[in-house]
file model-v9.cif (mmCIF, C-alpha atoms)
data_start
loop_
_atom_site.group_PDB
_atom_site.id
_atom_site.type_symbol
_atom_site.label_atom_id
_atom_site.label_comp_id
_atom_site.auth_asym_id
_atom_site.auth_seq_id
_atom_site.Cartn_x
_atom_site.Cartn_y
_atom_site.Cartn_z
ATOM 1 C CA MET A 1 151.385 110.823 -35.400
ATOM 2 C CA PHE A 2 155.129 110.728 -36.046
ATOM 3 C CA ALA A 3 155.135 114.407 -37.041
ATOM 4 C CA THR A 4 153.157 115.249 -33.897
ATOM 5 C CA LEU A 5 155.762 113.543 -31.713
ATOM 6 C CA VAL A 6 158.573 115.402 -33.464
ATOM 7 C CA ALA A 7 156.810 118.716 -32.953
ATOM 8 C CA THR A 8 155.928 118.017 -29.299
ATOM 9 C CA TYR A 9 159.452 117.685 -27.871
ATOM 10 C CA GLU A 10 162.117 120.305 -28.419
ATOM 11 C CA LYS A 11 164.825 118.928 -26.122
ATOM 12 C CA GLY A 12 166.065 115.464 -25.223
ATOM 13 C CA PHE A 13 165.080 113.819 -28.507
ATOM 14 C CA LEU A 14 166.896 113.248 -31.787
ATOM 15 C CA LEU A 15 165.899 112.205 -35.294
ATOM 16 C CA ILE A 16 168.076 109.382 -36.636
ATOM 17 C CA LEU A 17 168.021 108.395 -40.302
ATOM 18 C CA GLU A 18 169.255 104.922 -41.243
ATOM 19 C CA PRO A 19 169.700 104.141 -44.956
ATOM 20 C CA PHE A 20 168.948 100.419 -44.558
ATOM 21 C CA GLU A 21 166.158 98.594 -42.758
ATOM 22 C CA SER A 22 168.551 96.065 -41.185
ATOM 23 C CA GLU A 23 172.276 95.379 -40.905
ATOM 24 C CA THR A 24 172.161 92.661 -43.557
ATOM 25 C CA ALA A 25 169.984 94.524 -46.070
ATOM 26 C CA THR A 26 171.549 95.493 -49.407
ATOM 27 C CA VAL A 27 168.635 97.452 -50.908
ATOM 28 C CA PRO A 28 168.317 101.016 -49.552
ATOM 29 C CA ASN A 29 165.167 101.501 -47.473
ATOM 30 C CA PRO A 30 165.546 104.624 -45.282
ATOM 31 C CA ILE A 31 164.171 104.367 -41.737
ATOM 32 C CA LEU A 32 163.469 107.357 -39.463
ATOM 33 C CA HIS A 33 163.848 106.877 -35.709
ATOM 34 C CA PHE A 34 162.659 109.400 -33.111
ATOM 35 C CA THR A 35 164.920 108.587 -30.165
ATOM 36 C CA CYS A 36 164.841 109.868 -26.598
ATOM 37 C CA LEU A 37 168.365 110.656 -25.390
ATOM 38 C CA ASP A 38 167.354 112.125 -22.012
ATOM 39 C CA ALA A 39 166.538 109.478 -19.403
ATOM 40 C CA SER A 40 165.006 112.084 -17.077
ATOM 41 C CA ILE A 41 162.105 112.539 -19.539
ATOM 42 C CA ALA A 42 161.328 108.817 -19.519
ATOM 43 C CA ILE A 43 161.329 108.492 -15.717
ATOM 44 C CA LYS A 44 159.560 111.813 -14.975
ATOM 45 C CA PRO A 45 156.006 110.289 -15.047
ATOM 46 C CA VAL A 46 157.120 107.764 -12.410
ATOM 47 C CA PHE A 47 158.306 110.500 -10.036
ATOM 48 C CA GLU A 48 155.103 112.482 -10.595
ATOM 49 C CA ARG A 49 152.807 109.520 -9.854
ATOM 50 C CA PHE A 50 154.531 107.954 -6.844
ATOM 51 C CA SER A 51 155.683 109.652 -3.643
ATOM 52 C CA SER A 52 158.419 107.077 -2.942
ATOM 53 C CA VAL A 53 160.579 105.480 -5.637
ATOM 54 C CA VAL A 54 163.273 102.867 -5.008
ATOM 55 C CA ILE A 55 165.912 102.458 -7.706
ATOM 56 C CA THR A 56 168.162 99.434 -7.319
ATOM 57 C CA SER A 57 170.484 97.564 -9.648
ATOM 58 C CA GLY A 58 173.725 95.661 -9.644
ATOM 59 C CA THR A 59 175.176 97.928 -12.343
ATOM 60 C CA ILE A 60 174.403 101.458 -11.048
ATOM 61 C CA SER A 61 177.852 102.944 -10.652
ATOM 62 C CA PRO A 62 178.904 105.568 -9.795
ATOM 63 C CA LEU A 63 175.856 106.344 -7.670
ATOM 64 C CA GLU A 64 176.405 110.102 -7.705
ATOM 65 C CA MET A 65 175.886 110.278 -11.463
ATOM 66 C CA TYR A 66 172.302 108.983 -11.600
ATOM 67 C CA PRO A 67 170.500 111.608 -9.462
ATOM 68 C CA LYS A 68 172.033 114.290 -11.668
ATOM 69 C CA MET A 69 171.195 112.432 -14.876
ATOM 70 C CA LEU A 70 167.597 111.638 -13.849
ATOM 71 C CA GLN A 71 167.107 115.022 -12.123
ATOM 72 C CA PHE A 72 165.940 113.974 -8.647
ATOM 73 C CA ASN A 73 167.160 114.284 -5.053
ATOM 74 C CA THR A 74 167.993 111.157 -3.084
ATOM 75 C CA VAL A 75 166.773 110.554 0.468
ATOM 76 C CA VAL A 76 168.780 107.377 1.095
ATOM 77 C CA GLN A 77 171.732 106.325 -1.019
ATOM 78 C CA GLU A 78 173.671 103.160 -0.207
ATOM 79 C CA SER A 79 176.138 100.889 -1.997
ATOM 80 C CA TYR A 80 176.803 97.304 -0.894
ATOM 81 C CA SER A 81 179.790 95.233 -1.921
ATOM 82 C CA MET A 82 179.262 91.691 -3.177
ATOM 83 C CA THR A 83 181.061 88.891 -1.390
ATOM 84 C CA LEU A 84 181.577 85.272 -2.409
ATOM 85 C CA ALA A 85 181.759 82.451 0.101
ATOM 86 C CA ARG A 86 184.443 80.695 -1.909
ATOM 87 C CA ARG A 87 186.739 81.320 -4.845
ATOM 88 C CA SER A 88 184.816 79.414 -7.480
ATOM 89 C CA PHE A 89 184.773 81.742 -10.479
ATOM 90 C CA LEU A 90 187.238 81.720 -13.346
ATOM 91 C CA PRO A 91 186.842 84.735 -15.680
ATOM 92 C CA MET A 92 188.492 84.435 -19.095
ATOM 93 C CA ILE A 93 188.735 86.846 -22.027
ATOM 94 C CA VAL A 94 189.050 85.182 -25.421
ATOM 95 C CA THR A 95 190.417 87.465 -28.148
ATOM 96 C CA ARG A 96 191.402 84.893 -30.790
ATOM 97 C CA GLY A 97 190.010 81.619 -32.011
ATOM 98 C CA SER A 98 191.843 78.327 -32.416
ATOM 99 C CA ASP A 99 192.924 79.453 -35.905
ATOM 100 C CA GLN A 100 194.397 82.681 -34.405
ATOM 101 C CA VAL A 101 191.746 84.842 -36.083
ATOM 102 C CA ALA A 102 190.680 87.766 -33.878
ATOM 103 C CA VAL A 103 187.103 87.448 -32.617
ATOM 104 C CA SER A 104 185.049 90.580 -32.166
ATOM 105 C CA THR A 105 181.517 91.886 -32.622
ATOM 106 C CA ARG A 106 182.807 95.087 -34.182
ATOM 107 C CA PHE A 107 180.403 96.034 -36.973
ATOM 108 C CA GLU A 108 182.956 95.624 -39.767
ATOM 109 C CA ILE A 109 183.776 91.986 -38.975
ATOM 110 C CA ARG A 110 180.899 90.740 -36.799
ATOM 111 C CA ASN A 111 179.400 88.648 -39.638
ATOM 112 C CA ASP A 112 182.729 87.437 -41.001
ATOM 113 C CA PRO A 113 182.526 83.616 -41.410
ATOM 114 C CA SER A 114 185.817 83.131 -39.546
ATOM 115 C CA VAL A 115 184.604 85.141 -36.543
ATOM 116 C CA VAL A 116 181.230 83.404 -36.475
ATOM 117 C CA ARG A 117 182.907 80.007 -36.819
ATOM 118 C CA ASN A 118 185.266 80.702 -33.904
ATOM 119 C CA TYR A 119 182.390 81.812 -31.674
ATOM 120 C CA GLY A 120 180.614 78.584 -32.626
ATOM 121 C CA SER A 121 183.708 76.518 -31.860
ATOM 122 C CA LEU A 122 183.897 78.190 -28.435
ATOM 123 C CA LEU A 123 180.263 77.285 -27.804
ATOM 124 C CA VAL A 124 180.866 73.659 -28.804
ATOM 125 C CA GLU A 125 183.950 73.261 -26.599
ATOM 126 C CA PHE A 126 182.257 74.727 -23.517
ATOM 127 C CA SER A 127 179.115 72.651 -24.063
ATOM 128 C CA LYS A 128 181.296 69.519 -23.950
ATOM 129 C CA ILE A 129 182.897 70.244 -20.567
ATOM 130 C CA THR A 130 180.152 72.177 -18.774
ATOM 131 C CA PRO A 131 177.689 70.191 -16.654
ATOM 132 C CA ASP A 132 174.029 71.187 -16.376
ATOM 133 C CA GLY A 133 173.247 74.749 -17.489
ATOM 134 C CA MET A 134 175.108 77.136 -19.786
ATOM 135 C CA VAL A 135 173.973 80.679 -20.638
ATOM 136 C CA VAL A 136 175.129 82.588 -23.742
ATOM 137 C CA PHE A 137 174.497 86.342 -24.081
ATOM 138 C CA PHE A 138 174.446 88.253 -27.391
ATOM 139 C CA PRO A 139 174.461 92.051 -27.807
ATOM 140 C CA SER A 140 171.101 92.159 -29.680
ATOM 141 C CA TYR A 141 168.232 90.036 -30.997
ATOM 142 C CA LEU A 142 169.171 90.861 -34.574
ATOM 143 C CA TYR A 143 172.768 89.719 -34.146
ATOM 144 C CA MET A 144 171.723 86.588 -32.255
ATOM 145 C CA GLU A 145 169.319 85.582 -35.034
ATOM 146 C CA SER A 146 171.997 86.223 -37.650
ATOM 147 C CA ILE A 147 174.610 84.137 -35.809
ATOM 148 C CA ILE A 148 172.201 81.268 -35.143
ATOM 149 C CA SER A 149 171.279 81.183 -38.818
ATOM 150 C CA MET A 150 174.945 81.042 -39.837
ATOM 151 C CA TRP A 151 175.759 78.418 -37.200
ATOM 152 C CA GLN A 152 173.020 76.161 -38.487
ATOM 153 C CA GLY A 153 174.716 75.968 -41.891
ATOM 154 C CA MET A 154 178.321 75.809 -40.704
ATOM 155 C CA VAL A 155 180.320 72.691 -39.965
ATOM 156 C CA GLY A 156 181.648 72.220 -36.471
ATOM 157 C CA PHE A 157 184.995 71.181 -35.072
ATOM 158 C CA LEU A 158 185.738 67.869 -33.413
ATOM 159 C CA GLY A 159 188.722 66.814 -31.311
ATOM 160 C CA PRO A 160 190.962 68.783 -28.955
ATOM 161 C CA SER A 161 193.674 69.566 -31.501
ATOM 162 C CA ILE A 162 194.234 73.189 -32.485
ATOM 163 C CA ILE A 163 194.619 72.137 -36.113
ATOM 164 C CA ARG A 164 191.109 71.115 -37.168
ATOM 165 C CA ALA A 165 190.179 69.690 -40.535
ATOM 166 C CA TRP A 166 187.131 70.574 -42.573
ATOM 167 C CA THR A 167 185.135 67.549 -43.727
ATOM 168 C CA ASP A 168 181.831 67.307 -45.540
ATOM 169 C CA CYS A 169 180.475 64.728 -43.101
ATOM 170 C CA LEU A 170 180.522 67.048 -40.083
ATOM 171 C CA GLN A 171 177.216 68.440 -38.883
ATOM 172 C CA GLY A 172 176.318 72.078 -38.205
ATOM 173 C CA ILE A 173 177.627 73.792 -35.087
ATOM 174 C CA LEU A 174 174.215 73.759 -33.430
ATOM 175 C CA ASP A 175 173.814 70.077 -34.280
ATOM 176 C CA GLU A 176 177.167 69.446 -32.580
ATOM 177 C CA VAL A 177 176.067 71.337 -29.443
ATOM 178 C CA TRP A 178 172.805 69.371 -29.461
ATOM 179 C CA LYS A 179 174.784 66.176 -28.852
ATOM 180 C CA TYR A 180 175.687 67.454 -25.387
ATOM 181 C CA LYS A 181 172.910 69.834 -24.402
ATOM 182 C CA LEU A 182 169.402 70.994 -25.217
ATOM 183 C CA ILE A 183 169.368 74.350 -27.075
ATOM 184 C CA LEU A 184 166.841 77.036 -26.129
ATOM 185 C CA VAL A 185 166.542 80.569 -27.515
ATOM 186 C CA GLU A 186 165.105 83.741 -26.000
ATOM 187 C CA THR A 187 162.621 85.625 -28.208
ATOM 188 C CA PRO A 188 160.971 89.056 -27.885
ATOM 189 C CA ASP A 189 157.734 87.217 -27.042
ATOM 190 C CA SER A 190 157.456 86.965 -23.231
ATOM 191 C CA GLN A 191 155.334 83.798 -23.232
ATOM 192 C CA GLU A 192 157.731 81.940 -25.512
ATOM 193 C CA THR A 193 160.670 83.045 -23.377
ATOM 194 C CA SER A 194 158.949 81.908 -20.160
ATOM 195 C CA LEU A 195 158.322 78.490 -21.695
ATOM 196 C CA ALA A 196 161.948 78.294 -22.833
ATOM 197 C CA LEU A 197 163.156 79.133 -19.301
ATOM 198 C CA GLU A 198 160.914 76.462 -17.782
ATOM 199 C CA THR A 199 162.249 73.868 -20.218
ATOM 200 C CA TYR A 200 165.804 75.049 -19.506
ATOM 201 C CA ARG A 201 165.386 74.510 -15.767
ATOM 202 C CA THR A 202 163.843 71.062 -16.332
ATOM 203 C CA ALA A 203 166.774 69.996 -18.519
ATOM 204 C CA CYS A 204 169.291 71.256 -15.944
ATOM 205 C CA CYS A 205 167.553 69.416 -13.102
ATOM 206 C CA ASN A 206 167.238 66.025 -14.795
ATOM 207 C CA GLY A 207 170.852 65.793 -15.999
ATOM 208 C CA ARG A 208 170.322 66.429 -19.724
ATOM 209 C CA GLY A 209 171.756 69.941 -19.484
ATOM 210 C CA ALA A 210 170.849 72.907 -21.679
ATOM 211 C CA VAL A 211 172.223 75.988 -23.418
ATOM 212 C CA MET A 212 170.171 79.188 -23.189
ATOM 213 C CA LEU A 213 170.880 81.623 -26.029
ATOM 214 C CA CYS A 214 169.695 85.049 -24.930
ATOM 215 C CA VAL A 215 170.262 88.802 -25.253
ATOM 216 C CA ALA A 216 172.077 91.138 -22.877
ATOM 217 C CA ARG A 217 169.640 93.632 -21.330
ATOM 218 C CA GLY A 218 166.763 91.380 -22.408
ATOM 219 C CA LYS A 219 164.197 89.640 -20.208
ATOM 220 C CA VAL A 220 166.463 86.700 -19.363
ATOM 221 C CA SER A 221 169.409 88.897 -18.334
ATOM 222 C CA GLU A 222 167.274 91.121 -16.071
ATOM 223 C CA GLY A 223 165.901 89.485 -12.944
ATOM 224 C CA ILE A 224 166.481 85.801 -13.783
ATOM 225 C CA ASP A 225 168.763 84.077 -11.272
ATOM 226 C CA PHE A 226 170.980 81.399 -12.861
ATOM 227 C CA ASP A 227 172.310 80.103 -9.561
ATOM 228 C CA HIS A 228 174.052 76.790 -8.913
ATOM 229 C CA HIS A 229 173.445 74.194 -11.631
ATOM 230 C CA TYR A 230 171.370 76.637 -13.713
ATOM 231 C CA GLY A 231 174.494 78.597 -14.686
ATOM 232 C CA ARG A 232 177.717 76.634 -14.571
ATOM 233 C CA THR A 233 179.145 78.653 -17.476
ATOM 234 C CA VAL A 234 178.226 82.123 -18.750
ATOM 235 C CA LEU A 235 179.483 83.027 -22.221
ATOM 236 C CA CYS A 236 179.151 86.699 -23.191
ATOM 237 C CA ILE A 237 179.615 87.430 -26.885
ATOM 238 C CA GLY A 238 180.295 91.069 -27.617
ATOM 239 C CA LYS A 239 181.453 92.451 -24.274
ATOM 240 C CA SER A 240 184.181 95.067 -24.824
ATOM 241 C CA SER A 241 184.532 93.809 -28.401
ATOM 242 C CA ASN A 242 185.679 90.439 -27.087
ATOM 243 C CA SER A 243 184.164 87.165 -26.021
ATOM 244 C CA LEU A 244 184.100 86.857 -22.248
ATOM 245 C CA ALA A 245 183.643 83.423 -20.748
ATOM 246 C CA LEU A 246 182.874 83.313 -17.033
ATOM 247 C CA THR A 247 183.354 79.746 -15.894
ATOM 248 C CA THR A 248 182.942 78.148 -12.498
ATOM 249 C CA ASN A 249 186.208 76.264 -12.276
ATOM 250 C CA ASN A 250 185.172 74.142 -9.293
ATOM 251 C CA TYR A 251 182.294 72.698 -11.317
ATOM 252 C CA VAL A 252 183.782 72.073 -14.767
ATOM 253 C CA HIS A 253 185.057 68.596 -15.535
ATOM 254 C CA ARG A 254 186.848 67.331 -18.624
ATOM 255 C CA SER A 255 184.699 64.439 -19.820
ATOM 256 C CA PRO A 256 181.644 64.777 -22.103
ATOM 257 C CA LEU A 257 178.289 64.555 -20.360
ATOM 258 C CA PRO A 258 176.025 61.575 -21.023
ATOM 259 C CA ILE A 259 172.752 62.439 -22.713
ATOM 260 C CA HIS A 260 169.547 61.708 -20.817
ATOM 261 C CA PRO A 261 166.066 61.956 -22.355
ATOM 262 C CA ILE A 262 163.858 64.849 -21.280
ATOM 263 C CA PRO A 263 161.014 63.550 -19.059
ATOM 264 C CA ASP A 264 157.521 64.918 -18.760
ATOM 265 C CA PRO A 265 157.790 68.472 -17.286
ATOM 266 C CA LYS A 266 155.095 67.522 -14.752
ATOM 267 C CA SER A 267 157.181 64.676 -13.367
ATOM 268 C CA PRO A 268 159.621 65.416 -10.495
ATOM 269 C CA PRO A 269 163.206 66.259 -11.513
ATOM 270 C CA ARG A 270 165.486 63.245 -11.735
ATOM 271 C CA ILE A 271 168.972 63.514 -10.282
ATOM 272 C CA PRO A 272 171.552 61.683 -12.437
ATOM 273 C CA SER A 273 173.064 58.604 -10.845
ATOM 274 C CA ARG A 274 176.587 59.553 -11.902
ATOM 275 C CA LYS A 275 178.836 60.993 -9.197
ATOM 276 C CA LEU A 276 179.043 64.739 -9.641
ATOM 277 C CA PRO A 277 182.226 66.726 -8.886
ATOM 278 C CA TYR A 278 180.207 69.538 -7.313
ATOM 279 C CA PRO A 279 177.476 69.880 -4.667
ATOM 280 C CA ARG A 280 173.965 70.097 -6.112
ATOM 281 C CA LYS A 281 171.524 72.535 -4.596
#
call {"tool": "encode", "arguments": {"input": "model-v9.cif", "output": "structure tokens"}}
result
Amino acid sequence: MFATLVATYEKGFLLILEPFESETATVPNPILHFTCLDASIAIKPVFERFSSVVITSGTISPLEMYPKMLQFNTVVQESYSMTLARRSFLPMIVTRGSDQVAVSTRFEIRNDPSVVRNYGSLLVEFSKITPDGMVVFFPSYLYMESIISMWQGMVGFLGPSIIRAWTDCLQGILDEVWKYKLILVETPDSQETSLALETYRTACCNGRGAVMLCVARGKVSEGIDFDHHYGRTVLCIGKSSNSLALTTNNYVHRSPLPIHPIPDPKSPPRIPSRKLPYPRK
């Protein structure tokens, strides 16, 4: 079947040979990939089957490039600017950790313990000061699984000081985050991811708060609206080789959140009795 596919297409496809099965493998195990590099081939059956096709996205720019790339003629082409009712977003680019080690998902250093530790420290610090929901995006499932595995065995950092001491009594980074928020992970399985999203929303509504670890361009990042208390902080690991933290500055406060038990999902959401510094919707 693989040979038939290779022989069927002459243009728009490429054979890619990888010497290892995964990024962490040390034993050579060559893998052949037959990859489509021409998006017009993938979307052609859609244009042939339907008389009207609407293509919309928040990241299609410039618009003039896509009709040429997908080989179709537009009937209506419009671009709408996004407006915010108030200045409530604080974008930050983090290039170095608290130990001044550069953080990056560049292939050569992406699994370096210092880089992974600094990303984990960033996650811990934001989980302490962020109310309700926090979303963390990784560049791929493979990298997310690798980082989570390393975080589970690493010790975390406590205290606001830049100089942080290593001690044997400290728990793993994920265990430290768990003190402040519930941790949920996106998986390639759609049913598991839907259940994780439902639990995430429940935790955000009842005051426990949650962290959703997910993948850019995955199911969670496409079409899921993390509005209001569902997304007080968005942490993107691996954007432009840096860690980008998009924080809602009107909503972040500086004291750790109290931990509330998770109620039965069938019960109505419970609003915490503490006075919140932001309007809940």
call {"tool": "axis_aligned_box", "arguments": {"input": "model-v9.cif", "around": "segment 192-203 of chain A", "padding_each_side": "3 Å", "output": "AutoDock Vina command-line options"}}
result
--center_x 162.3 --center_y 76.5 --center_z -20.6 --size_x 15.0 --size_y 19.0 --size_z 15.7
call {"tool": "closest_residue", "arguments": {"input": "model-v9.cif", "among": "A:Lys44, A:Arg49, A:Arg117, A:Arg96", "to": "Trp151 of chain A", "atoms": "only C-alpha atoms"}}
result
A:Arg117
call {"tool": "residues_around", "arguments": {"input": "model-v9.cif", "residues": "Val75 of chain A", "least_positions_apart": "6", "cutoff": "12 Å", "atoms": "all atoms listed in the file", "output": "list in words"}}
result
Ser51, Ser52, Val53, Val54, Ile55 and Pro67 of chain A
call {"tool": "write_last_selection", "arguments": {"input": "model-v9.cif", "atoms": "C-alpha atoms", "output": "short mmCIF file (atom, residue, chain, number, x, y, z; two decimals), in the frame of the given file"}}
result
data_model
loop_
_atom_site.label_atom_id
_atom_site.label_comp_id
_atom_site.auth_asym_id
_atom_site.auth_seq_id
_atom_site.Cartn_x
_atom_site.Cartn_y
_atom_site.Cartn_z
CA SER A 51 155.68 109.65 -3.64
CA SER A 52 158.42 107.08 -2.94
CA VAL A 53 160.58 105.48 -5.64
CA VAL A 54 163.27 102.87 -5.01
CA ILE A 55 165.91 102.46 -7.71
CA PRO A 67 170.50 111.61 -9.46
#
call {"tool": "atom_distance", "arguments": {"input": "model-v9.cif", "atom1": "atom CA of Ala203 of chain A", "atom2": "atom CA of Val185 of chain A"}}
result
13.9 Å
call {"tool": "resolve_selection", "arguments": {"input": "model-v9.cif", "expression": "the PyMOL selection byres ((chain A and resi 177) around 10)", "output": "MDAnalysis selection string"}}
result
chainID A and resid 120:121 123:128 156 171:176 178:183 210:211
call {"tool": "atom_distance", "arguments": {"input": "model-v9.cif", "atom1": "atom CA of Phe47 of chain A", "atom2": "atom CA of Val6 of chain A"}}
result
23.9 Å
call {"tool": "atom_distance", "arguments": {"input": "model-v9.cif", "atom1": "atom CA of Met92 of chain A", "atom2": "atom CA of Val136 of chain A"}}
result
14.3 Å
call {"tool": "residues_around", "arguments": {"input": "model-v9.cif", "residues": "Ala216 of chain A", "least_positions_apart": "6", "cutoff": "10 Å", "atoms": "only C-alpha atoms", "output": "list in words"}}
result
Val136, Phe137, Phe138, Pro139, Ser140, Tyr141, Glu222, Cys236, Ile237, Gly238 and Lys239 of chain A
call {"tool": "write_last_selection", "arguments": {"input": "model-v9.cif", "atoms": "C-alpha atoms", "output": "compact mmCIF listing (two decimals), in the coordinates of the input"}}
result
# COMPACT_ATOMS: atom_id res chain seq x y z
CA VAL A 136 175.13 82.59 -23.74
CA PHE A 137 174.50 86.34 -24.08
CA PHE A 138 174.45 88.25 -27.39
CA PRO A 139 174.46 92.05 -27.81
CA SER A 140 171.10 92.16 -29.68
CA TYR A 141 168.23 90.04 -31.00
CA GLU A 222 167.27 91.12 -16.07
CA CYS A 236 179.15 86.70 -23.19
CA ILE A 237 179.62 87.43 -26.88
CA GLY A 238 180.30 91.07 -27.62
CA LYS A 239 181.45 92.45 -24.27
call {"tool": "resolve_selection", "arguments": {"input": "model-v9.cif", "expression": "the PyMOL selection byres ((chain A and resi 69) around 12)", "output": "list in words"}}
result
Gly12, Leu37, Asp38, Ala39, Ser40, Ile41, Ala42, Ile43, Lys44, Pro62, Leu63, Glu64, Met65, Tyr66, Pro67, Lys68, Leu70, Gln71, Phe72 and Asn73 of chain A
call {"tool": "residues_near_point", "arguments": {"input": "model-v9.cif", "point": "(166.4, 109.0, -27.1)", "cutoff": "6 Å", "atoms": "all atoms listed in the file", "output": "list in words"}}
result
Phe13, Thr35, Cys36 and Leu37 of chain A
call {"tool": "residues_near_point", "arguments": {"input": "model-v9.cif", "point": "(191.7, 81.4, -30.0)", "cutoff": "12 Å", "atoms": "all atoms listed in the file", "output": "list in words"}}
result
Met92, Ile93, Val94, Thr95, Arg96, Gly97, Ser98, Asp99, Gln100, Val101, Ala102, Val103, Ser104, Ser114, Val115, Arg117, Asn118, Tyr119, Gly120, Ser121, Leu122, Glu125, Ile162, Ile163, Asn242 and Ser243 of chain A
